Structure formats: structure tokens, C-alpha cells
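Student: Hey, dropping start_7.pdb in here, PDB, C-alpha atoms:
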ATOM      1  CA  MET A   1     -10.089  12.484   5.232
ATOM      2  CA  ARG A   2      -6.382  12.613   6.058
ATOM      3  CA  LEU A   3      -4.045  10.765   3.706
ATOM      4  CA  THR A   4      -1.333   8.467   5.028
ATOM      5  CA  ALA A   5       2.325   8.728   3.958
ATOM      6  CA  THR A   6       1.817   6.132   1.237
ATOM      7  CA  GLU A   7      -1.412   7.573  -0.216
ATOM      8  CA  THR A   8      -1.892  10.192  -2.927
ATOM      9  CA  PRO A   9      -5.213  11.584  -4.195
ATOM     10  CA  GLY A  10      -6.586   9.576  -7.112
ATOM     11  CA  ARG A  11      -3.965   6.803  -6.802
ATOM     12  CA  PRO A  12      -4.122   3.419  -5.119
ATOM     13  CA  VAL A  13      -2.542   3.009  -1.714
ATOM     14  CA  GLN A  14       1.068   1.742  -1.875
ATOM     15  CA  SER A  15       2.567  -0.426   0.814
ATOM     16  CA  ALA A  16       5.446   0.979   2.848
ATOM     17  CA  SER A  17       7.717  -1.848   1.652
ATOM     18  CA  ARG A  18       7.010  -0.979  -1.981
ATOM     19  CA  VAL A  19       7.808   2.681  -1.369
ATOM     20  CA  ARG A  20      11.066   1.729   0.331
ATOM     21  CA  TRP A  21      11.945  -0.602  -2.544
ATOM     22  CA  LYS A  22      11.457   2.164  -5.137
ATOM     23  CA  ALA A  23      13.509   4.580  -3.042
ATOM     24  CA  LEU A  24      16.291   1.993  -2.738
ATOM     25  CA  VAL A  25      16.376   1.474  -6.510
ATOM     26  CA  GLY A  26      16.609   5.222  -7.088
ATOM     27  CA  HIS A  27      19.337   5.766  -4.487
ATOM     28  CA  SER A  28      21.403   2.790  -5.685
ATOM     29  CA  SER A  29      21.173   3.801  -9.349
ATOM     30  CA  ALA A  30      22.139   7.376  -8.519
ATOM     31  CA  ALA A  31      25.095   6.273  -6.380
ATOM     32  CA  LEU A  32      26.471   3.890  -9.018
ATOM     33  CA  LEU A  33      26.093   6.336 -11.895
ATOM     34  CA  SER A  34      27.539   9.149  -9.785
ATOM     35  CA  LEU A  35      30.624   7.058  -9.034
ATOM     36  CA  LEU A  36      31.174   6.337 -12.739
ATOM     37  CA  PHE A  37      30.770   9.976 -13.752
ATOM     38  CA  LEU A  38      32.891  11.276 -10.869
ATOM     39  CA  LEU A  39      35.809   8.956 -11.684
ATOM     40  CA  SER A  40      35.593   9.790 -15.376
ATOM     41  CA  GLY A  41      35.281  13.557 -14.835
ATOM     42  CA  LEU A  42      38.136  13.869 -12.349
ATOM     43  CA  TRP A  43      40.340  11.553 -14.430
ATOM     44  CA  LYS A  44      39.952  13.895 -17.400
ATOM     45  CA  MET A  45      40.208  17.079 -15.357
ATOM     46  CA  LEU A  46      43.493  16.091 -13.718
ATOM     47  CA  ASP A  47      45.111  15.371 -17.112
ATOM     48  CA  LEU A  48      43.378  17.494 -19.725
ATOM     49  CA  GLU A  49      46.079  16.989 -22.361
ATOM     50  CA  SER A  50      45.627  13.215 -22.331
ATOM     51  CA  ALA A  51      41.857  13.693 -22.327
ATOM     52  CA  ALA A  52      42.184  15.916 -25.401
ATOM     53  CA  GLU A  53      44.138  13.169 -27.174
ATOM     54  CA  ARG A  54      41.363  10.695 -26.380
ATOM     55  CA  MET A  55      38.914  13.200 -27.872
ATOM     56  CA  LEU A  56      40.955  13.124 -31.075
ATOM     57  CA  GLN A  57      40.610   9.347 -31.146
ATOM     58  CA  THR A  58      36.831   9.801 -31.354
ATOM     59  CA  LEU A  59      37.321  12.167 -34.333
ATOM     60  CA  VAL A  60      36.739  15.423 -32.486
ATOM     61  CA  PRO A  61      38.466  18.180 -34.551
ATOM     62  CA  VAL A  62      41.923  19.141 -33.304
ATOM     63  CA  ALA A  63      40.926  22.749 -32.627
ATOM     64  CA  LEU A  64      38.063  21.571 -30.419
ATOM     65  CA  SER A  65      39.798  18.676 -28.652
ATOM     66  CA  LEU A  66      41.062  20.582 -25.596
ATOM     67  CA  PRO A  67      37.888  22.676 -25.127
ATOM     68  CA  ALA A  68      35.840  19.488 -25.517
ATOM     69  CA  ALA A  69      37.948  17.725 -22.878
ATOM     70  CA  MET A  70      37.398  20.658 -20.506
ATOM     71  CA  VAL A  71      33.639  20.783 -21.098
ATOM     72  CA  VAL A  72      33.188  17.023 -20.739
ATOM     73  CA  SER A  73      35.266  16.844 -17.544
ATOM     74  CA  VAL A  74      33.280  19.680 -15.957
ATOM     75  CA  GLY A  75      29.970  18.223 -17.157
ATOM     76  CA  GLU A  76      30.706  14.744 -15.816
ATOM     77  CA  THR A  77      31.939  16.005 -12.443
ATOM     78  CA  PHE A  78      28.984  18.383 -12.039
ATOM     79  CA  THR A  79      26.557  15.620 -12.996
ATOM     80  CA  ALA A  80      28.122  13.279 -10.431
ATOM     81  CA  VAL A  81      27.699  15.824  -7.634
ATOM     82  CA  LEU A  82      24.063  16.506  -8.578
ATOM     83  CA  LEU A  83      23.269  12.789  -8.597
ATOM     84  CA  LEU A  84      24.689  12.394  -5.099
ATOM     85  CA  LEU A  85      22.512  15.154  -3.630
ATOM     86  CA  PRO A  86      18.834  14.122  -3.367
ATOM     87  CA  GLY A  87      17.696  17.743  -3.756
ATOM     88  CA  PHE A  88      19.381  17.998  -7.190
ATOM     89  CA  ARG A  89      19.130  14.388  -8.338
ATOM     90  CA  ARG A  90      16.552  15.054 -11.029
ATOM     91  CA  TRP A  91      18.799  17.627 -12.685
ATOM     92  CA  GLY A  92      21.715  15.199 -12.442
ATOM     93  CA  ALA A  93      19.654  12.467 -14.108
ATOM     94  CA  TRP A  94      18.678  14.831 -16.932
ATOM     95  CA  LEU A  95      22.277  15.910 -17.496
ATOM     96  CA  ALA A  96      23.566  12.325 -17.427
ATOM     97  CA  SER A  97      20.901  11.243 -19.927
ATOM     98  CA  ALA A  98      21.674  14.151 -22.255
ATOM     99  CA  MET A  99      25.434  13.497 -22.171
ATOM    100  CA  LEU A 100      24.994   9.783 -22.823
ATOM    101  CA  VAL A 101      22.595  10.345 -25.710
ATOM    102  CA  LEU A 102      24.864  12.958 -27.303
ATOM    103  CA  PHE A 103      27.900  10.705 -26.928
ATOM    104  CA  MET A 104      26.120   7.717 -28.449
ATOM    105  CA  ALA A 105      24.904   9.940 -31.300
ATOM    106  CA  HIS A 106      28.473  11.134 -31.953
ATOM    107  CA  ILE A 107      29.853   7.595 -31.992
ATOM    108  CA  GLY A 108      26.950   6.468 -34.177
ATOM    109  CA  LEU A 109      27.639   9.277 -36.661
ATOM    110  CA  PHE A 110      31.232   8.065 -37.141
ATOM    111  CA  TYR A 111      30.540   4.393 -36.453
ATOM    112  CA  GLY A 112      32.027   3.172 -39.725
ATOM    113  CA  ARG A 113      35.349   4.899 -39.024
ATOM    114  CA  LEU A 114      35.473   4.120 -35.294
ATOM    115  CA  LEU A 115      34.385   0.468 -35.392
ATOM    116  CA  GLY A 116      36.911  -1.621 -33.482
ATOM    117  CA  GLU A 117      38.758   1.412 -32.075
ATOM    118  CA  ASP A 118      39.448   1.823 -28.361
ATOM    119  CA  CYS A 119      37.189   4.199 -26.476
ATOM    120  CA  ASN A 120      38.831   4.860 -23.118
ATOM    121  CA  CYS A 121      36.119   6.976 -21.534
ATOM    122  CA  PHE A 122      36.541   5.655 -17.994
ATOM    123  CA  PRO A 123      39.720   4.887 -16.034
ATOM    124  CA  TRP A 124      40.649   1.193 -15.747
ATOM    125  CA  ILE A 125      37.837   0.242 -18.144
ATOM    126  CA  ARG A 126      38.807  -0.583 -21.703
ATOM    127  CA  ARG A 127      35.994  -0.440 -24.229
ATOM    128  CA  VAL A 128      35.961  -0.958 -27.977
ATOM    129  CA  VAL A 129      33.493   0.688 -30.347
ATOM    130  CA  GLY A 130      30.972  -1.913 -31.425
ATOM    131  CA  PRO A 131      27.543  -3.268 -30.449
ATOM    132  CA  ALA A 132      28.678  -3.937 -26.861
ATOM    133  CA  PHE A 133      29.693  -0.277 -26.560
ATOM    134  CA  PHE A 134      26.139   0.911 -27.191
ATOM    135  CA  ALA A 135      24.771  -1.762 -24.841
ATOM    136  CA  GLY A 136      26.999  -0.437 -22.064
ATOM    137  CA  ASP A 137      25.928   3.168 -22.608
ATOM    138  CA  ALA A 138      22.291   2.065 -22.803
ATOM    139  CA  GLY A 139      22.763   0.430 -19.388
ATOM    140  CA  MET A 140      24.079   3.705 -17.972
ATOM    141  CA  LEU A 141      21.166   5.531 -19.560
ATOM    142  CA  ALA A 142      18.798   3.135 -17.759
ATOM    143  CA  LEU A 143      20.555   3.965 -14.474
ATOM    144  CA  ALA A 144      20.001   7.661 -15.161
ATOM    145  CA  VAL A 145      16.276   7.082 -15.718
ATOM    146  CA  LEU A 146      16.005   5.055 -12.501
ATOM    147  CA  ALA A 147      17.972   7.698 -10.579
ATOM    148  CA  GLY A 148      15.589  10.436 -11.678
ATOM    149  CA  TRP A 149      12.474   8.279 -11.164
ATOM    150  CA  ARG A 150      10.354   9.684  -8.309
ATOM    151  CA  SER A 151      13.144  12.113  -7.338
ATOM    152  CA  ARG A 152      12.052  15.383  -5.777
ATOM    153  CA  LYS A 153      11.700  18.557  -7.833
ATOM    154  CA  PRO A 154      14.855  20.725  -7.536
ATOM    155  CA  ARG A 155      14.352  24.289  -6.366
ATOM    156  CA  ASN A 156      17.604  25.860  -5.178
ATOM    157  CA  TRP A 157      19.283  26.673  -8.505
ATOM    158  CA  ARG A 158      21.671  29.136  -6.829
ATOM    159  CA  ALA A 159      23.256  26.331  -4.805
ATOM    160  CA  ALA A 160      23.662  24.255  -7.982
ATOM    161  CA  ALA A 161      25.252  27.241  -9.728
ATOM    162  CA  GLY A 162      27.662  27.567  -6.808
ATOM    163  CA  VAL A 163      28.692  23.915  -7.185
ATOM    164  CA  LEU A 164      29.232  24.410 -10.911
ATOM    165  CA  SER A 165      31.342  27.523 -10.282
ATOM    166  CA  GLY A 166      33.588  25.617  -7.880
ATOM    167  CA  ILE A 167      34.115  22.816 -10.401
ATOM    168  CA  LEU A 168      34.917  25.356 -13.125
ATOM    169  CA  VAL A 169      37.569  26.946 -10.910
ATOM    170  CA  LEU A 170      39.192  23.529 -10.374
ATOM    171  CA  ALA A 171      39.107  22.772 -14.111
ATOM    172  CA  LEU A 172      40.653  26.125 -15.033
ATOM    173  CA  GLY A 173      43.354  25.607 -12.411
ATOM    174  CA  SER A 174      44.128  22.178 -13.872
ATOM    175  CA  TYR A 175      44.379  23.693 -17.338
ATOM    176  CA  ALA A 176      46.744  26.416 -16.137
ATOM    177  CA  VAL A 177      48.989  23.908 -14.355
ATOM    178  CA  ALA A 178      49.088  21.630 -17.406
ATOM    179  CA  SER A 179      49.963  24.511 -19.720
ATOM    180  CA  THR A 180      52.725  25.774 -17.418
ATOM    181  CA  SER A 181      54.297  22.371 -16.829
ATOM    182  CA  ARG A 182      54.250  21.583 -20.542
ATOM    183  CA  ALA A 183      56.126  24.791 -21.333
ATOM    184  CA  ARG A 184      58.874  23.802 -18.891
ATOM    185  CA  ILE A 185      59.451  20.266 -20.162
ATOM    186  CA  SER A 186      63.092  19.429 -20.831
ATOM    187  CA  ALA A 187      64.456  16.282 -22.425
ATOM    188  CA  PRO A 188      67.071  14.102 -20.727
ATOM    189  CA  ALA A 189      70.584  15.339 -21.443
ATOM    190  CA  THR A 190      71.453  12.089 -23.230
ATOM    191  CA  ILE A 191      69.639   9.043 -24.576
ATOM    192  CA  LEU A 192      70.804   5.866 -26.260
ATOM    193  CA  VAL A 193      70.701   5.861 -30.041
ATOM    194  CA  GLY A 194      71.779   2.560 -31.504
ATOM    195  CA  GLY A 195      73.210   1.652 -28.119
ATOM    196  CA  THR A 196      75.459   4.766 -28.045
ATOM    197  CA  PRO A 197      74.905   7.859 -25.836
ATOM    198  CA  TYR A 198      73.438  10.738 -27.831
ATOM    199  CA  ARG A 199      73.102  14.322 -26.540
ATOM    200  CA  LEU A 200      69.740  16.044 -26.775
ATOM    201  CA  ASP A 201      70.664  19.387 -25.217
ATOM    202  CA  ASN A 202      72.374  20.917 -28.225
ATOM    203  CA  GLY A 203      70.689  22.134 -31.402
ATOM    204  CA  ARG A 204      67.358  21.255 -32.978
ATOM    205  CA  LEU A 205      65.959  17.725 -32.801
ATOM    206  CA  LEU A 206      62.615  16.182 -33.614
ATOM    207  CA  LEU A 207      61.552  13.130 -31.627
ATOM    208  CA  TYR A 208      59.038  11.074 -33.605
ATOM    209  CA  PHE A 209      57.208   8.453 -31.513
ATOM    210  CA  PHE A 210      55.678   5.682 -33.592
ATOM    211  CA  ASP A 211      54.416   2.121 -33.540
ATOM    212  CA  PRO A 212      55.998   0.125 -36.404
ATOM    213  CA  GLU A 213      52.692  -1.698 -36.935
ATOM    214  CA  CYS A 214      50.595   1.513 -37.027
ATOM    215  CA  SER A 215      49.409   2.495 -40.521
ATOM    216  CA  HIS A 216      48.630   6.027 -39.337
ATOM    217  CA  CYS A 217      52.204   6.367 -38.040
ATOM    218  CA  LEU A 218      53.517   5.190 -41.417
ATOM    219  CA  MET A 219      51.366   7.690 -43.323
ATOM    220  CA  VAL A 220      52.666  10.579 -41.187
ATOM    221  CA  ALA A 221      56.282   9.383 -41.522
ATOM    222  CA  ARG A 222      55.983   9.233 -45.318
ATOM    223  CA  GLU A 223      54.741  12.810 -45.430
ATOM    224  CA  MET A 224      57.597  13.856 -43.134
ATOM    225  CA  SER A 225      60.085  12.200 -45.489
ATOM    226  CA  ARG A 226      58.988  14.581 -48.263
ATOM    227  CA  GLN A 227      60.111  17.628 -46.268
ATOM    228  CA  LEU A 228      63.514  19.274 -46.598
ATOM    229  CA  TRP A 229      65.085  18.873 -43.158
ATOM    230  CA  THR A 230      67.842  21.443 -43.176
ATOM    231  CA  GLY A 231      68.085  22.659 -39.599
ATOM    232  CA  ALA A 232      67.254  19.618 -37.487
ATOM    233  CA  GLU A 233      67.794  15.905 -37.094
ATOM    234  CA  VAL A 234      65.001  13.369 -36.647
ATOM    235  CA  ILE A 235      65.150  10.633 -34.033
ATOM    236  CA  GLY A 236      62.615   7.845 -34.284
ATOM    237  CA  VAL A 237      61.313   6.481 -30.995
ATOM    238  CA  PRO A 238      59.424   3.157 -31.335
ATOM    239  CA  THR A 239      56.711   2.675 -28.717
ATOM    240  CA  ALA A 240      56.335  -1.041 -29.474
ATOM    241  CA  GLN A 241      58.106  -3.779 -31.445
ATOM    242  CA  PRO A 242      61.467  -1.932 -31.540
ATOM    243  CA  GLN A 243      62.988  -4.708 -33.654
ATOM    244  CA  PHE A 244      60.882  -3.477 -36.583
ATOM    245  CA  ALA A 245      61.770   0.223 -36.184
ATOM    246  CA  ARG A 246      64.422   0.367 -38.898
ATOM    247  CA  ASP A 247      62.190  -1.498 -41.366
ATOM    248  CA  PHE A 248      59.427   1.003 -40.622
ATOM    249  CA  LEU A 249      61.683   4.002 -41.290
ATOM    250  CA  ARG A 250      62.998   2.419 -44.467
ATOM    251  CA  ASP A 251      59.456   1.769 -45.746
ATOM    252  CA  ALA A 252      58.530   5.368 -44.924
ATOM    253  CA  GLY A 253      61.643   6.751 -46.594
ATOM    254  CA  LEU A 254      62.353   8.825 -43.488
ATOM    255  CA  ARG A 255      66.007   9.386 -42.614
ATOM    256  CA  ALA A 256      66.186   9.130 -38.836
ATOM    257  CA  ALA A 257      68.245   7.556 -36.088
ATOM    258  CA  VAL A 258      66.500   5.107 -33.739
ATOM    259  CA  ALA A 259      66.374   5.655 -29.978
ATOM    260  CA  THR A 260      66.785   2.475 -27.960
ATOM    261  CA  ASP A 261      65.471   3.797 -24.621
ATOM    262  CA  GLY A 262      62.023   4.958 -25.655
ATOM    263  CA  GLU A 263      60.423   4.192 -22.289
ATOM    264  CA  ARG A 264      62.597   6.829 -20.642
ATOM    265  CA  LEU A 265      61.460   9.431 -23.156
ATOM    266  CA  ARG A 266      57.798   8.461 -22.733
ATOM    267  CA  LYS A 267      58.061   9.217 -19.024
ATOM    268  CA  THR A 268      59.178  12.736 -19.912
ATOM    269  CA  PHE A 269      56.860  13.382 -22.849
ATOM    270  CA  ARG A 270      53.474  12.002 -21.886
ATOM    271  CA  PHE A 271      50.881  11.059 -24.480
ATOM    272  CA  THR A 272      48.336   8.308 -25.032
ATOM    273  CA  ASP A 273      48.834   6.730 -28.457
ATOM    274  CA  PRO A 274      51.319   7.311 -31.304
ATOM    275  CA  PRO A 275      52.069   8.969 -33.592
ATOM    276  CA  TYR A 276      53.414  11.852 -31.538
ATOM    277  CA  ALA A 277      56.212  14.343 -32.185
ATOM    278  CA  VAL A 278      58.238  16.682 -29.994
ATOM    279  CA  ALA A 279      60.393  19.517 -31.325
ATOM    280  CA  LEU A 280      63.424  20.188 -29.109
ATOM    281  CA  VAL A 281      65.596  23.293 -29.159
ATOM    282  CA  ASN A 282      68.714  22.940 -27.014
ATOM    283  CA  GLY A 283      67.057  20.191 -25.005
ATOM    284  CA  ARG A 284      63.823  22.059 -24.214
ATOM    285  CA  GLN A 285      60.422  21.304 -25.705
ATOM    286  CA  ALA A 286      59.558  24.007 -28.216
ATOM    287  CA  ALA A 287      56.401  22.314 -29.527
ATOM    288  CA  ALA A 288      54.535  19.031 -29.311
ATOM    289  CA  PHE A 289      52.122  17.499 -31.792
ATOM    290  CA  ASN A 290      49.530  14.785 -31.179
ATOM    291  CA  SER A 291      48.207  12.352 -33.767
ATOM    292  CA  GLY A 292      45.559  14.707 -35.137
ATOM    293  CA  GLN A 293      47.883  17.688 -35.419
ATOM    294  CA  LEU A 294      50.469  15.655 -37.339
ATOM    295  CA  GLU A 295      48.026  15.432 -40.248
ATOM    296  CA  GLU A 296      47.590  19.199 -40.519
ATOM    297  CA  GLU A 297      49.620  21.740 -42.457
ATOM    298  CA  SER A 298      50.027  23.737 -39.230
ATOM    299  CA  TYR A 299      52.466  21.028 -38.058
ATOM    300  CA  TYR A 300      54.865  21.829 -40.886
ATOM    301  CA  GLN A 301      54.248  25.569 -40.586
ATOM    302  CA  THR A 302      55.385  25.388 -36.961
ATOM    303  CA  LEU A 303      58.486  23.395 -37.916
ATOM    304  CA  ARG A 304      59.338  26.031 -40.530
ATOM    305  CA  LYS A 305      59.036  28.805 -37.986
ATOM    306  CA  LEU A 306      61.328  26.876 -35.636
ATOM    307  CA  GLY A 307      63.877  26.398 -38.415
ATOM    308  CA  PHE A 308      63.529  22.619 -38.668
ATOM    309  CA  ILE A 309      62.509  22.456 -42.334
ATOM    310  CA  LYS A 310      62.378  24.740 -45.362
TER
END
What does the file become when written as C-alpha cells?
Tutor:
Amino acid sequence: MRLTATETPGRPVQSASRVRWKALVGHSSAALLSLLFLLSGLWKMLDLESAAERMLQTLVPVALSLPAAMVVSVGETFTAVLLLLPGFRRWGAWLASAMLVLFMAHIGLFYGRLLGEDCNCFPWIRRVVGPAFFAGDAGMLALAVLAGWRSRKPRNWRAAAGVLSGILVLALGSYAVASTSRARISAPATILVGGTPYRLDNGRLLLYFFDPECSHCLMVAREMSRQLWTGAEVIGVPTAQPQFARDFLRDAGLRAAVATDGERLRKTFRFTDPPYAVALVNGRQAAAFNSGQLEEESYYQTLRKLGFIK
């Protein structure tokens, strides 16, 4: 007996409309999840330094933040491409499920410390760590299961490896461009400090970006105040509530002037959230330190090598 297109041995006959409905669910789930992963992966890949800072916000160790950003951006982009191609959709669904489970496990491990913190995993979508965060990831996990449901068995692993190789080349190129451009960053020749023009292109200066209402920023500033600044001046750059900047510096015990055109400096020195510090030598960036690095002894070791502190 010859089987029809909707029959399988040992299983009841399925109507053509039911088969089409299941296929539509799978295709729609794959397309939606692929779009989310593609936007997230490319967003990270095109700005790996900012992605590394967001990794720090989820308590990834500083030494692993940039490699983690690279791996996640490649993984998300590769997963998105696999989900779009019916011949590789099952692999894409497996990868998406694994990444989502690992991410939820990581957040769950540090849930007590991350509760209420921003988790900017996707562009234009602001999420906060809490019960709703896990509900959202569980929804994406459900999409991954539906995308892989009844998908065909992948066979051409060489083609998938070729796709992965192409994405890796793009990611490495993005990393090289980011590293090169960062090394060439120069500060504006002058900024306003207390409403008066102040030159940045002569000598050693440390720009300290902070939010006056940020307890982490205050903790870092207090530790900085204990250092012996012999070869450099410190300029505080408030990123919010500038009217409280001087009170913040006084509470921290940090002797520093206050820049009054912080937005201009933020366009030159890009970062996500304060605290952030930039060491300038004759107007050029000699080193930059994100929030995680500012808590490490290596921050002060670098400043000693540059001649900023004893």
C-alpha cells in the first residue's frame, strides 16, 4: 500500500491543514527567534567594548568580559543564521536552547546580587533582573522548542562550518577595528572646568566619569582619594545630576576639578555606565578602565607605570 504525504507507518493519518498549521508554527517561531538573536548578536559584534561592559554588569570576571562578549556575539549570530535555514534549523534550535538555559543559570546563580539591575541583552529592549526576566527567557526557550519541532535532520555540517567561519572572520575584524580605534583616541584640546576653558593636551590627566547618586562610583572615588597623586591631576566628569558633583567629591575626599561639559567628553570616550576612568598623556588616551577594572589593583598598577601616582 502506498502512503500519502500526510501518512506515516504506525501513526494516524493527519489532515493536510493540520500539517500546514504545524509547519507554520515552526517557521514563525524560527523567524521570530532568529530576528531576536540576529539583532542581539550583530549589536554586540559591532561594538564589542560596550558588550564587554554589559558582561561586567552581569558579574562576568573582568579578564573574561571581552572574550565572553566575542563568544556570545558569534554564538547568537550563528544561531540566528541556522534558524533561518530550514536545513539547519534543528541545530539552531538546540544552540538557542543551550544559550538561553546557560544564561538563565548564570543569572540565577547571582540572582541575589543582580536583582533589580538592568540587563540590556537586546538593543532597544530594556530588561531588569527579576521574575519577569526569567518569564521572558522562558518564552524565548519555548520559541526555540517550537522552531526545532518537526524540523528536518541536518546533514551538511561542512556548510554550517563555513557559515561559522565567515561569522568568526567578521567578529575578529570588528575586534581589530575596535582595538585600533581605541588606541588612537584623543581628547578635545579644551573643555570647560567650572565654566572656564581648560586644556587637556598638556601633561597627565585622569578623567573620572561618575554618577553622584551611584554608590559604586563613590566607593571607587574613596579608594582613589587614598592614593598619592604626584604626577597627574584628576578631573571629575558627572554623567548625571551635575549639581551634586562637588558634594560627591567632597564626600569621597577626592581632590578633583569638575568638568561642566561632560556630554562632549562622553561622545569621545564611549562607555555604557559609570564609573569609568580615562588616563590622558598629552591629550591622548593612554589607558581606559571600566567599572570592573576600577575595583582591581591592576588599575593602580597601571597608573603607577604611567606616572600618575606613587
Student: Here's a test: counting all atoms listed in the file, identify every protein, DNA and RNA residue with an atom at most 7 Å from (66.3, 16.1, -21.4) in the file's coordinate frame, and state them as a PyMOL selection string.
Tutor: chain A and resi 186-190+200-201+283
Student: Can you tell me, as a compact mmCIF listing (two decimals) with C-alpha atoms, in the coordinates of the input, what residues are no more than 12 Å from Gly195 (chain A) when counting all atoms listed in the file, ignoring any on the same chain fewer than 6 positions away?
Tutor:
# COMPACT_ATOMS: atom_id res chain seq x y z
CA ALA A 257 68.24 7.56 -36.09
CA VAL A 258 66.50 5.11 -33.74
CA ALA A 259 66.37 5.66 -29.98
CA THR A 260 66.78 2.48 -27.96
CA ASP A 261 65.47 3.80 -24.62
CA GLY A 262 62.02 4.96 -25.66
Student: So that I can see what lies close to Phe271 (chain A), please list as a compact mmCIF listing (two decimals) with C-alpha atoms, in the coordinates of the input the residues with an atom at most 12 Å from it, counting all atoms listed in the file and leaving out residues fewer than 6 positions away in the same chain.
Tutor:
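File out36.txt, as written:
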# COMPACT_ATOMS: atom_id res chain seq x y z
CA ASP A 47 45.11 15.37 -17.11
CA LEU A 48 43.38 17.49 -19.73
CA GLU A 49 46.08 16.99 -22.36
CA SER A 50 45.63 13.22 -22.33
CA ALA A 51 41.86 13.69 -22.33
CA ALA A 52 42.18 15.92 -25.40
CA GLU A 53 44.14 13.17 -27.17
CA ARG A 54 41.36 10.70 -26.38
CA ARG A 182 54.25 21.58 -20.54
CA PHE A 209 57.21 8.45 -31.51
CA PHE A 210 55.68 5.68 -33.59
CA THR A 239 56.71 2.68 -28.72
CA GLU A 263 60.42 4.19 -22.29
CA LEU A 265 61.46 9.43 -23.16
CA ALA A 277 56.21 14.34 -32.18
CA VAL A 278 58.24 16.68 -29.99
CA ALA A 288 54.54 19.03 -29.31
CA PHE A 289 52.12 17.50 -31.79
CA ASN A 290 49.53 14.78 -31.18
CA SER A 291 48.21 12.35 -33.77
Student: Can you measure CA of Ala159 (chain A) to CA of Gly173 (chain A) for me? One decimal in Å is fine.
Tutor: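 Separating CA of Ala159 (chain A) from CA of Gly173 (chain A) is a distance of 21.5 Å.
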Student: For Leu42 (chain A), work out the shell of residues within 9 Å, counting only C-alpha atoms and skipping chain neighbours fewer than 5 positions away, then give it as a VMD selection string.
Tutor: chain A and resid 37 47 73 to 74 76 to 77
Student: Suppose we keep C-alpha atoms; can you now write the selection as a PDB file, keeping the file's coordinate frame?
Tutor:
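Now in result_29.pdb:
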ATOM      1  CA  PHE A  37      30.770   9.976 -13.752  1.00  0.00           C
ATOM      2  CA  ASP A  47      45.111  15.371 -17.112  1.00  0.00           C
ATOM      3  CA  SER A  73      35.266  16.844 -17.544  1.00  0.00           C
ATOM      4  CA  VAL A  74      33.280  19.680 -15.957  1.00  0.00           C
ATOM      5  CA  GLU A  76      30.706  14.744 -15.816  1.00  0.00           C
ATOM      6  CA  THR A  77      31.939  16.005 -12.443  1.00  0.00           C
TER       7      THR A  77
END
Student: Please work out which residues fall within 12 Å of (45.9, 22.1, -16.6), coordinates as given in the file, with all atoms listed in the file counting, and return them as a compact mmCIF listing (two decimals) with C-alpha atoms, in the frame of the given file.
Tutor:
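After the write, out.txt holds the following:
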# COMPACT_ATOMS: atom_id res chain seq x y z
CA LYS A 44 39.95 13.90 -17.40
CA MET A 45 40.21 17.08 -15.36
CA LEU A 46 43.49 16.09 -13.72
CA ASP A 47 45.11 15.37 -17.11
CA LEU A 48 43.38 17.49 -19.73
CA GLU A 49 46.08 16.99 -22.36
CA SER A 50 45.63 13.22 -22.33
CA ALA A 51 41.86 13.69 -22.33
CA ALA A 52 42.18 15.92 -25.40
CA LEU A 66 41.06 20.58 -25.60
CA PRO A 67 37.89 22.68 -25.13
CA ALA A 69 37.95 17.73 -22.88
CA MET A 70 37.40 20.66 -20.51
CA SER A 73 35.27 16.84 -17.54
CA LEU A 168 34.92 25.36 -13.12
CA VAL A 169 37.57 26.95 -10.91
CA LEU A 170 39.19 23.53 -10.37
CA ALA A 171 39.11 22.77 -14.11
CA LEU A 172 40.65 26.12 -15.03
CA GLY A 173 43.35 25.61 -12.41
CA SER A 174 44.13 22.18 -13.87
CA TYR A 175 44.38 23.69 -17.34
CA ALA A 176 46.74 26.42 -16.14
CA VAL A 177 48.99 23.91 -14.36
CA ALA A 178 49.09 21.63 -17.41
CA SER A 179 49.96 24.51 -19.72
CA THR A 180 52.72 25.77 -17.42
CA SER A 181 54.30 22.37 -16.83
CA ARG A 182 54.25 21.58 -20.54
CA ALA A 183 56.13 24.79 -21.33
Student: Smallest atom-to-atom distance to Leu206 (chain A): which of A:Leu228, A:Ile191, A:Ala147, A:Ala279, using all atoms listed in the file?
Tutor: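 The answer is A:Ala279, which sits nearest to Leu206 (chain A).
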